[in-house]
Structure formats: C-alpha cells, structure tokens
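Note sheet for the following structure.
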Amino acid sequence: MNRWIWPVVIIGIIVLLPLVLTTYGMQLATEIFIMSIFVLSLGFIIGYVGLVSLGHAAFFGIGAYTVALLANVTTNTYVLILAAIILAGILAFLTGWLFVRTSGAYFLMITLAFNQVVYTVFFKWKDVTGGADGMTVRAQLDLGFGPVQSQLALYYIMAFSMLLCYFLLRRYIAAPLGKATLGVKENEDRMKALGYPIRSYKLIAYTVAGAMAGFAGSLYAFFNRFVSPEVASWFFSGEALVMSIIGGVGTLFGPPIGAGLFVILQNYISTFTARWPMVMGAIFIVFVLYSRGGIAHLLKRLWNRLFTKEEKLAEPAKVAEESKTEGGQA
Amino acid sequence: MSLLKVEGLSKSFKGLKVLNSVSLEVQPQERHVIIGPNGAGKTTLFNCISGVLPIDEGRIEIKGKEVVHLPSHSRVHDGLSRTFQKNNLFNNLTVEENVYLAIMACKPYRYKWFKSITRYHDLLEEAEELLKRWDLWNRRNKLVNELSYGEQRLLEILLALASKPEILLLDEPTSGMSPAETALTTQLIQDLPRSVSLLMIEHDMEVVFAIADRITVLHHGQVFLTGKPEEIKGNVEVKEIYFGGGALAGVNR
C-alpha cells in the first residue's frame, strides 16, 4: 500500500502540472525531463557503481548527432532513437571495456579525454556535422500518429520517457544484477573473493548508462531541432556532474531533482546576471561542504524526522525488541 | 586425489623471498592448520592460493585442475573460498544483504535484471538458514558497522561458506576475539560438515589442537614440518623455535 503513494503523487504532479505552467514553463519542464534522463544515467554509475565520469556528455552528444545525421536517411522516429541508443551503447561498451580497468581520478581523466575526442570530431568534421555552426535536425518527432506539434504532447512524451528510465533503473538496482553492482562499489576485494567477475558488472552498468545518455541525447535532438558540438562538450559533462551531486547520488530520485533545480536556477538567475555560473558554483560548494548526499539526503532526513517517530510509537513491540537486543549487546 | 595441491610455490616481493618452494596438500574431509610465527608467509600463501596475488613459480591444483592462470573469482566456482585476516565486509550494507551477495555469487541468476532480489525464494531461504546457524539471525537488519567485532568476525566466515565451498581457507578466524567468542567460533568450525575441507591459519594453540587433523609449520617461507597434531606437539624443535616452549606447555597442562 505504502509503496504506491509516492509513484502516484509524482505521476499526479507531472500529469497536472501543465494546468498551471506557462508556455515558457512547459518548455523548461520538457527540457528538465530530458536533462533528468541524462543526469539519472550519470548519477546511476556514480552512486551505484562508483564510477565518477567527467565524459558522460560524449554519449549524450552521440545520441543527439546520430538523430541529426541519420535524419538525412530516414525520418522514422523509432529507428532514429533506437539507432542513437544502440550506437551510444556500443561505444560505451567498447570504451568502457578499457576504462573500467581504472578507477578514481584516473577514470575521471580518461573519460574526460574520451569526451574531448568525441567533441573534437563533431567540432572539426565540418563537411558532415557542420562544425561549430551545428546542424538542424530534419526529422520531427512522430510516434506513428503524425508529427508531434503540440507542446503538451511533447511534454508528456518526455515525461513518460523519464519515468520509464527511472522505472528501468529501479528494476536494475533491485535485481541481482544491481545488488551485485552495488557490492562491487562497496568492496571490490570481497566481491572477487566471493566469486564475482567485478569488471563485468562495471562494464554492464557503464554500457547501460551510456545507452541511456544516448537516449536522452536523441530526445534532445528532437526537442531542440538543432544540435551543436556543445552537447558533447566536457563542460556539459561537468554540469551534469554538478546536477547529480546537488540532487544526491546513491538515490535515483536525487538526480532528477538536481537536474530540475539546476535548469530552473540557471534560467532564473540568468535573467538577472550573465554571471550565473558564479552563483551556481557557490550553491554547489555549499552542497558539497554541508550536504554530501545532496537534496535527496536532506529530504530523506526531513522525512525521517517528521514521520519515523510516529511509526515507531505505532509498533511498540518492535521498539521493545530492538532495545532489548541492543541492551544485550551492551 | 587431494582436493587442493600446492607444489613448489614461490613468491617474492621486491627480491625478498616470502614463500620458498612451499608444497602442501589438503585431502577431502581434512582439517589442515598452518601455524608459524609472524612473517612466516602464511597470509601470502593464502593470497596466492586464492588468486589475489600472482605467483612466481609452482603449481596450484584444485581437484586435479591447474588454477594458477585463473583469476580469483573463477577459483571460487571450482570450490575454493576464503576469509580474510582483517574483516573484509560490506560495511554499509545490512547483514542480510551481505549474505545475499555471498550466496548469489554462485547462482545462475546473478546477472538477472528486473526481478527484485527479494523474490528469489531459494536465496532468502538459504540466507535464513545460514544466519540462524551462525547466530546472526536477529541481527540481520543491522548494518555491518553496527555489529560487534566478534559478530563481524562470524559474518566473515559465514560469507565464505555461502558459496558452498569444498575447500575453505580460514585466515585466523578467531583473531581479536574474546575468549568466549573464540570458544563459540571454535565450536561452530568444529560443527561444520566434513564435506567442507579446511585449510586454516591460526595462532591460538587451543583452537589449533581442537580443530586440526594435520598441521603444517611454516617458517621463513618454507614448510618446516607437516604432521599429525601429536607429532607437532611432541616435536622439540618446533617447540623451541616457534613457541619458545611456552605456548605448547599451556596446552599440555
């Protein structure tokens, strides 16, 4: 019973939000959904695998450019999105095969280097990608019922995509695959001693995250109708890292919150000053210093403070039993 | 055929020969204990057998199969499992989750996606059985961090047992335990089914003689002597060199 409350509340809010949002708000919310998928995939490998990547935008960019480039061949939305996911996934698998041998700062640097390579390809290969000028996306989002023109439909499609990704990752972390992956993050040596090939778990997670970032990139191409090398820049990777850390890694609901807050603040602050990155930087520092677990952690603490006490009182037997075992312990 | 056979195993660290042509065998059903002073190379030997460290020379066979070139995680699936001298657990997970991970390692569904781990009923049942046998059932929802040291030490052994090994390497299972905890652990180890052969490093002589079928004395990276407990107990050289005469006297009392 209890486990259904949150999903219903969240889906309810997302469904009803268009009633109060302005056109600009709708635009922003749609962008947040796409960004959430991207940040979710990054937050997943940081929080559940321990791979802190500074090159995740490479996969976002590959997804976006796959749609933009393949649109010259076909305009079938499903084919384009699938191609973006598969291509990003394959690239994540191949690079990950090398990268997961490293960890910590080395992993950070090697993913950053890879990101720069991808960026440079998009930036320099002018004949194909249009270089720094970017390129317009010729295909339009079309799920088989004609091109999606209305902002409302676009909003719901992106919202659904985000919820789908969230759901899939939730299944991932609850299943044996995800539990073992978390085990690898917690204690690699023990996992080896227990008989797990730890690199396989890292590689699978990295590939899934790459494919998901590619999916986000492909949605972005449809949403923005224009792609430029910036979508694959390491600066964008860094922003995603900030979003996931502000939101809170180690949970799945943190990254979307971080993405939402980041995009909203960025838009809000930039109406006052062009130096919005300074303000965002200050916010980031505060979070790193005072709330390691990000907003998700703060919300959890708040929730526990407000509601856990009552639950304990409701089950006196359980509390008594707990204090007994603790007493025996002491 | 012996379950585990180590032959001419040598290992050096930066020119220092820690293991020098060590050979030993563990027979099915056997409980084999390795003793020796600090720095004799006991833990290094375990690290080599379990595949944590690559070896310089020699052979390691599990049930007649050469495993030297296999990574440590593959050796587990050949029936070898180990514990660590210093607790090496998933400190931020609950006791139950620790056990799930340990059991799952040898399950065909360890790569399965989508279905929640709590819906694999054989996993839950095996975990319950293990936790109850090792007296940790009512602590199952605690984080490992919240356990006492002795309880963590028990969990360390429990995790190694979860893969249903045929050969279990125990690296000083009772180290740092109180006398009461040591007695309990010794009893639990003695109660293990004989289908699990033991290779164990131990310093506590009471524990050694309570458990051992055979004892190997390791000194300066070499096997000094292998024999039945009575032979080791009666050996004057072993007494003189390794125990200074005192430790064994305590047992004989």
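As shown in the structure tokens, the chain order sets the letters A, B, ...; within each chain, residues go from 1, and ligands are also counted from 1 in the order they appear.
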Using the chain letters and numbers from this document, which residues of segment 87-122 of chain B does DSSP assign to helix (DSSP H, G or I), as an MDAnalysis selection string? chainID B and resid 95:104 108:111 117:119 121:122
Near segment 154-169 of chain A, within 10 Å and counting only C-alpha atoms, which residues show up once chain neighbours fewer than 4 positions away are dropped, as a PyMOL selection string? (chain A and resi 7+10-11+14-15+18+26-38+40-41+44+141+143+148-150+173-175+178+208-209+212+215-216+219-220+222-223+252-253+256) or (chain B and resi 113-114)
For chain A, which of B:Ile232, B:Leu184, B:Ile117, B:Ala210 is the closest residue, counting only C-alpha atoms? B:Ile117
Would you write out, as a tab-separated table, a table of all residues in chain A that have an atom no more than 8 Å from an atom of chain B, listing for each the closest atom pair and the distance in Å to one decimal, considering only C-alpha atoms and ordering rows by chain and rising residue number?
residue	atom	partner	partner_atom	distance
A:Leu168	CA	B:Phe114	CA	7.6
A:Arg171	CA	B:Phe114	CA	4.5
A:Tyr172	CA	B:Trp113	CA	5.6
A:Ala174	CA	B:Ser116	CA	4.9
A:Ala175	CA	B:Ser116	CA	4.3
A:Pro176	CA	B:Arg110	CA	5.4
A:Leu177	CA	B:Tyr111	CA	4.7
A:Gly178	CA	B:Trp113	CA	7.5
A:Lys179	CA	B:Leu101	CA	7.3
A:Ala180	CA	B:Leu101	CA	6.4
A:Gly183	CA	B:Phe90	CA	7.1
A:Glu186	CA	B:Phe90	CA	6.0
A:Asn187	CA	B:Phe90	CA	6.1
A:Asp189	CA	B:Asn88	CA	7.9
A:Arg190	CA	B:Asn88	CA	6.2
A:Lys192	CA	B:His73	CA	5.0
A:Ala193	CA	B:His73	CA	5.9
A:Leu194	CA	B:Ala102	CA	5.9
A:Gly195	CA	B:His73	CA	3.8
A:Tyr196	CA	B:His73	CA	5.5
A:Pro197	CA	B:His73	CA	6.0
A:Gln329	CA	B:Ser148	CA	7.9
Quick one: write out the picked residues with C-alpha atoms as a PDB file, in the first residue's frame?
ATOM      1  CA  LEU A 168      14.014   0.596 -15.585  1.00  0.00           C
ATOM      2  CA  ARG A 171      14.356  -2.590 -11.507  1.00  0.00           C
ATOM      3  CA  TYR A 172      18.078  -2.717 -12.217  1.00  0.00           C
ATOM      4  CA  ALA A 174      16.573  -4.035  -7.030  1.00  0.00           C
ATOM      5  CA  ALA A 175      17.546  -7.090  -9.082  1.00  0.00           C
ATOM      6  CA  PRO A 176      20.533  -9.399  -8.528  1.00  0.00           C
ATOM      7  CA  LEU A 177      22.449  -7.528 -11.230  1.00  0.00           C
ATOM      8  CA  GLY A 178      22.124  -4.206  -9.415  1.00  0.00           C
ATOM      9  CA  LYS A 179      22.724  -5.604  -5.948  1.00  0.00           C
ATOM     10  CA  ALA A 180      25.950  -7.182  -7.137  1.00  0.00           C
ATOM     11  CA  GLY A 183      28.519  -4.777  -3.867  1.00  0.00           C
ATOM     12  CA  GLU A 186      31.186  -1.157  -1.648  1.00  0.00           C
ATOM     13  CA  ASN A 187      34.011  -3.692  -1.610  1.00  0.00           C
ATOM     14  CA  ASP A 189      38.121  -7.325  -2.984  1.00  0.00           C
ATOM     15  CA  ARG A 190      35.364  -9.102  -1.170  1.00  0.00           C
ATOM     16  CA  LYS A 192      36.242 -11.024  -6.081  1.00  0.00           C
ATOM     17  CA  ALA A 193      36.696 -13.393  -3.163  1.00  0.00           C
ATOM     18  CA  LEU A 194      33.010 -14.259  -3.306  1.00  0.00           C
ATOM     19  CA  GLY A 195      33.398 -15.239  -6.946  1.00  0.00           C
ATOM     20  CA  TYR A 196      32.125 -12.226  -8.880  1.00  0.00           C
ATOM     21  CA  PRO A 197      33.884 -11.020 -12.032  1.00  0.00           C
ATOM     22  CA  GLN A 329      24.715  -6.167  23.101  1.00  0.00           C
TER      23      GLN A 329
END
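Pairwise distance (atom CA of Phe46 of chain B, atom CA of Thr186 of chain B) equals 20.2 Å.
Closest approach to Val227 of chain A from the set A:Leu265, A:Val9, A:Val49, A:Val67 is made by A:Val67, with distances taken over only C-alpha atoms.
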Contacts of Phe209 of chain B at 12 Å or less, counting only C-alpha atoms, minus same-chain residues fewer than 3 places along, as a ChimeraX atom specification? /B:31-35,186,190,200,202-206,212-215,228-233,247-248,250-252
Only N, CA, C and O atoms, please: the residues just picked out, written as a compact mmCIF listing (two decimals), in the first residue's frame.
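Written out: result-v3.txt:
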# COMPACT_ATOMS: atom_id res chain seq x y z
N ARG B 31 41.04 -31.45 7.94
CA ARG B 31 41.12 -30.12 8.57
C ARG B 31 42.59 -29.85 8.83
O ARG B 31 43.18 -30.39 9.76
N HIS B 32 43.12 -28.99 7.99
CA HIS B 32 44.56 -28.77 7.95
C HIS B 32 44.85 -27.36 8.48
O HIS B 32 44.29 -26.40 8.00
N VAL B 33 45.73 -27.27 9.46
CA VAL B 33 46.02 -25.96 10.04
C VAL B 33 47.47 -25.58 9.77
O VAL B 33 48.36 -26.40 9.89
N ILE B 34 47.66 -24.33 9.38
CA ILE B 34 49.01 -23.82 9.16
C ILE B 34 49.38 -22.94 10.35
O ILE B 34 48.63 -22.02 10.70
N ILE B 35 50.49 -23.26 10.96
CA ILE B 35 50.98 -22.40 12.04
C ILE B 35 52.36 -21.89 11.69
O ILE B 35 53.00 -22.39 10.76
N THR B 186 35.17 -21.63 17.63
CA THR B 186 35.82 -22.95 17.50
C THR B 186 34.76 -24.03 17.39
O THR B 186 34.85 -24.93 16.56
N GLN B 190 34.12 -26.52 14.30
CA GLN B 190 34.11 -27.98 14.51
C GLN B 190 32.81 -28.60 14.00
O GLN B 190 32.81 -29.72 13.52
N MET B 200 43.45 -23.76 7.40
CA MET B 200 43.24 -22.66 8.34
C MET B 200 44.56 -22.16 8.90
O MET B 200 45.45 -22.94 9.22
N GLU B 202 46.10 -20.25 12.09
CA GLU B 202 45.64 -19.94 13.44
C GLU B 202 46.84 -19.78 14.37
O GLU B 202 47.85 -20.47 14.23
N HIS B 203 46.69 -18.86 15.31
CA HIS B 203 47.75 -18.64 16.29
C HIS B 203 47.41 -19.23 17.65
O HIS B 203 48.29 -19.60 18.41
N ASP B 204 46.12 -19.27 17.94
CA ASP B 204 45.67 -19.74 19.24
C ASP B 204 45.81 -21.27 19.28
O ASP B 204 45.08 -21.99 18.61
N MET B 205 46.75 -21.77 20.10
CA MET B 205 47.07 -23.19 20.08
C MET B 205 45.92 -24.07 20.55
O MET B 205 45.78 -25.21 20.10
N GLU B 206 45.10 -23.53 21.44
CA GLU B 206 43.95 -24.33 21.87
C GLU B 206 43.02 -24.58 20.70
O GLU B 206 42.52 -25.69 20.50
N ALA B 212 42.57 -29.26 14.35
CA ALA B 212 43.45 -29.82 13.31
C ALA B 212 43.45 -31.34 13.22
O ALA B 212 43.48 -32.04 14.24
N ASP B 213 43.40 -31.85 11.98
CA ASP B 213 43.73 -33.25 11.71
C ASP B 213 45.22 -33.34 11.41
O ASP B 213 45.89 -34.32 11.72
N ARG B 214 45.68 -32.30 10.72
CA ARG B 214 47.07 -32.24 10.34
C ARG B 214 47.56 -30.81 10.47
O ARG B 214 46.77 -29.86 10.30
N ILE B 215 48.81 -30.65 10.75
CA ILE B 215 49.37 -29.31 10.95
C ILE B 215 50.60 -29.14 10.08
O ILE B 215 51.41 -30.05 9.95
N LYS B 228 50.81 -34.95 12.11
CA LYS B 228 49.63 -35.03 12.97
C LYS B 228 49.85 -34.14 14.19
O LYS B 228 50.99 -33.88 14.58
N PRO B 229 48.77 -33.67 14.82
CA PRO B 229 48.93 -32.78 15.98
C PRO B 229 49.86 -33.33 17.03
O PRO B 229 50.67 -32.59 17.58
N GLU B 230 49.79 -34.66 17.30
CA GLU B 230 50.65 -35.24 18.36
C GLU B 230 52.12 -35.10 17.98
O GLU B 230 52.96 -34.79 18.83
N GLU B 231 52.41 -35.32 16.68
CA GLU B 231 53.80 -35.21 16.23
C GLU B 231 54.31 -33.78 16.42
O GLU B 231 55.43 -33.55 16.86
N ILE B 232 53.45 -32.81 16.06
CA ILE B 232 53.85 -31.41 16.18
C ILE B 232 54.04 -31.06 17.65
O ILE B 232 55.01 -30.43 18.05
N LYS B 233 53.08 -31.51 18.46
CA LYS B 233 53.12 -31.20 19.88
C LYS B 233 54.39 -31.76 20.52
O LYS B 233 55.01 -31.14 21.36
N ALA B 247 54.01 -21.70 24.73
CA ALA B 247 52.65 -21.80 24.22
C ALA B 247 52.12 -23.22 24.28
O ALA B 247 50.99 -23.47 24.66
N LEU B 248 52.97 -24.17 23.91
CA LEU B 248 52.51 -25.55 23.88
C LEU B 248 52.36 -26.11 25.28
O LEU B 248 51.50 -26.93 25.54
N GLY B 250 51.20 -24.65 27.69
CA GLY B 250 49.86 -24.28 28.14
C GLY B 250 48.82 -25.29 27.71
O GLY B 250 47.89 -25.60 28.45
N VAL B 251 48.99 -25.84 26.51
CA VAL B 251 48.03 -26.80 26.01
C VAL B 251 48.14 -28.13 26.75
O VAL B 251 47.17 -28.79 27.02
N ASN B 252 49.37 -28.48 27.07
CA ASN B 252 49.62 -29.78 27.67
C ASN B 252 49.14 -29.87 29.12
O ASN B 252 48.99 -30.95 29.66
Can you list, as an MDAnalysis selection string, every protein, DNA or RNA residue that comes within 12 Å of Thr75 of chain A when you count only C-alpha atoms, leaving out same-chain residues fewer than 2 positions away? chainID A and resid 66:73 77:81 83 137:144 146:147 222
Between atom CA of Tyr65 of chain A and atom CA of Ile86 of chain A, what is the spacing in Å? 13.0 Å
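In this model, the gap between atom CA of Ala92 of chain A and atom CA of Gly293 of chain A comes to 26.9 Å.
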Near Val100 of chain A, counting only C-alpha atoms, which residues have an atom at most 8 Å away, once you skip same-chain residues fewer than 5 positions from it, shown as JSON, numbers by chain? {"A": [107, 199, 202, 203]}
List every residue of segment 135-304 of chain A that DSSP, applied to the backbone, labels as strand (DSSP E or B), and write the result as a short mmCIF file (atom, residue, chain, number, x, y, z; two decimals) with N, CA, C and O atoms, in the first residue's frame.
data_model
loop_
_atom_site.label_atom_id
_atom_site.label_comp_id
_atom_site.auth_asym_id
_atom_site.auth_seq_id
_atom_site.Cartn_x
_atom_site.Cartn_y
_atom_site.Cartn_z
N MET A 135 24.06 21.78 -36.63
CA MET A 135 23.18 21.42 -37.74
C MET A 135 21.74 21.31 -37.27
O MET A 135 21.47 20.99 -36.11
N THR A 136 20.83 21.62 -38.20
CA THR A 136 19.42 21.47 -37.85
C THR A 136 19.03 20.00 -38.00
O THR A 136 19.59 19.28 -38.80
N ASP A 142 7.69 11.74 -34.30
CA ASP A 142 6.46 11.18 -34.87
C ASP A 142 6.32 9.75 -34.38
O ASP A 142 7.07 8.87 -34.78
N PRO A 147 3.37 14.02 -37.09
CA PRO A 147 4.38 14.75 -36.32
C PRO A 147 3.79 15.36 -35.05
O PRO A 147 2.66 15.83 -35.06
N PHE A 226 17.89 21.20 -33.25
CA PHE A 226 19.19 21.74 -33.64
C PHE A 226 20.25 21.16 -32.69
O PHE A 226 20.02 21.08 -31.50
N VAL A 227 21.37 20.71 -33.27
CA VAL A 227 22.44 20.25 -32.40
C VAL A 227 23.75 20.95 -32.75
O VAL A 227 24.00 21.27 -33.92
#
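Nearest to Gly130 of chain A of all the residues A:Gly238, A:Gly47, A:Pro229, A:Gly25 is A:Pro229, counting only C-alpha atoms.
Counting only C-alpha atoms, Leu4 of chain B has the following residues at most 7 Å away, ignoring those fewer than 6 positions along the same chain: Glu25, Val26, Gln27, Glu61, Ile62 and Lys63 of chain B.
Counting only C-alpha atoms, Ala64 of chain A has the following residues at most 6 Å away, ignoring those fewer than 3 positions along the same chain: A:Gly61, A:Val67, A:Gly217, A:Ser218, A:Ala221.
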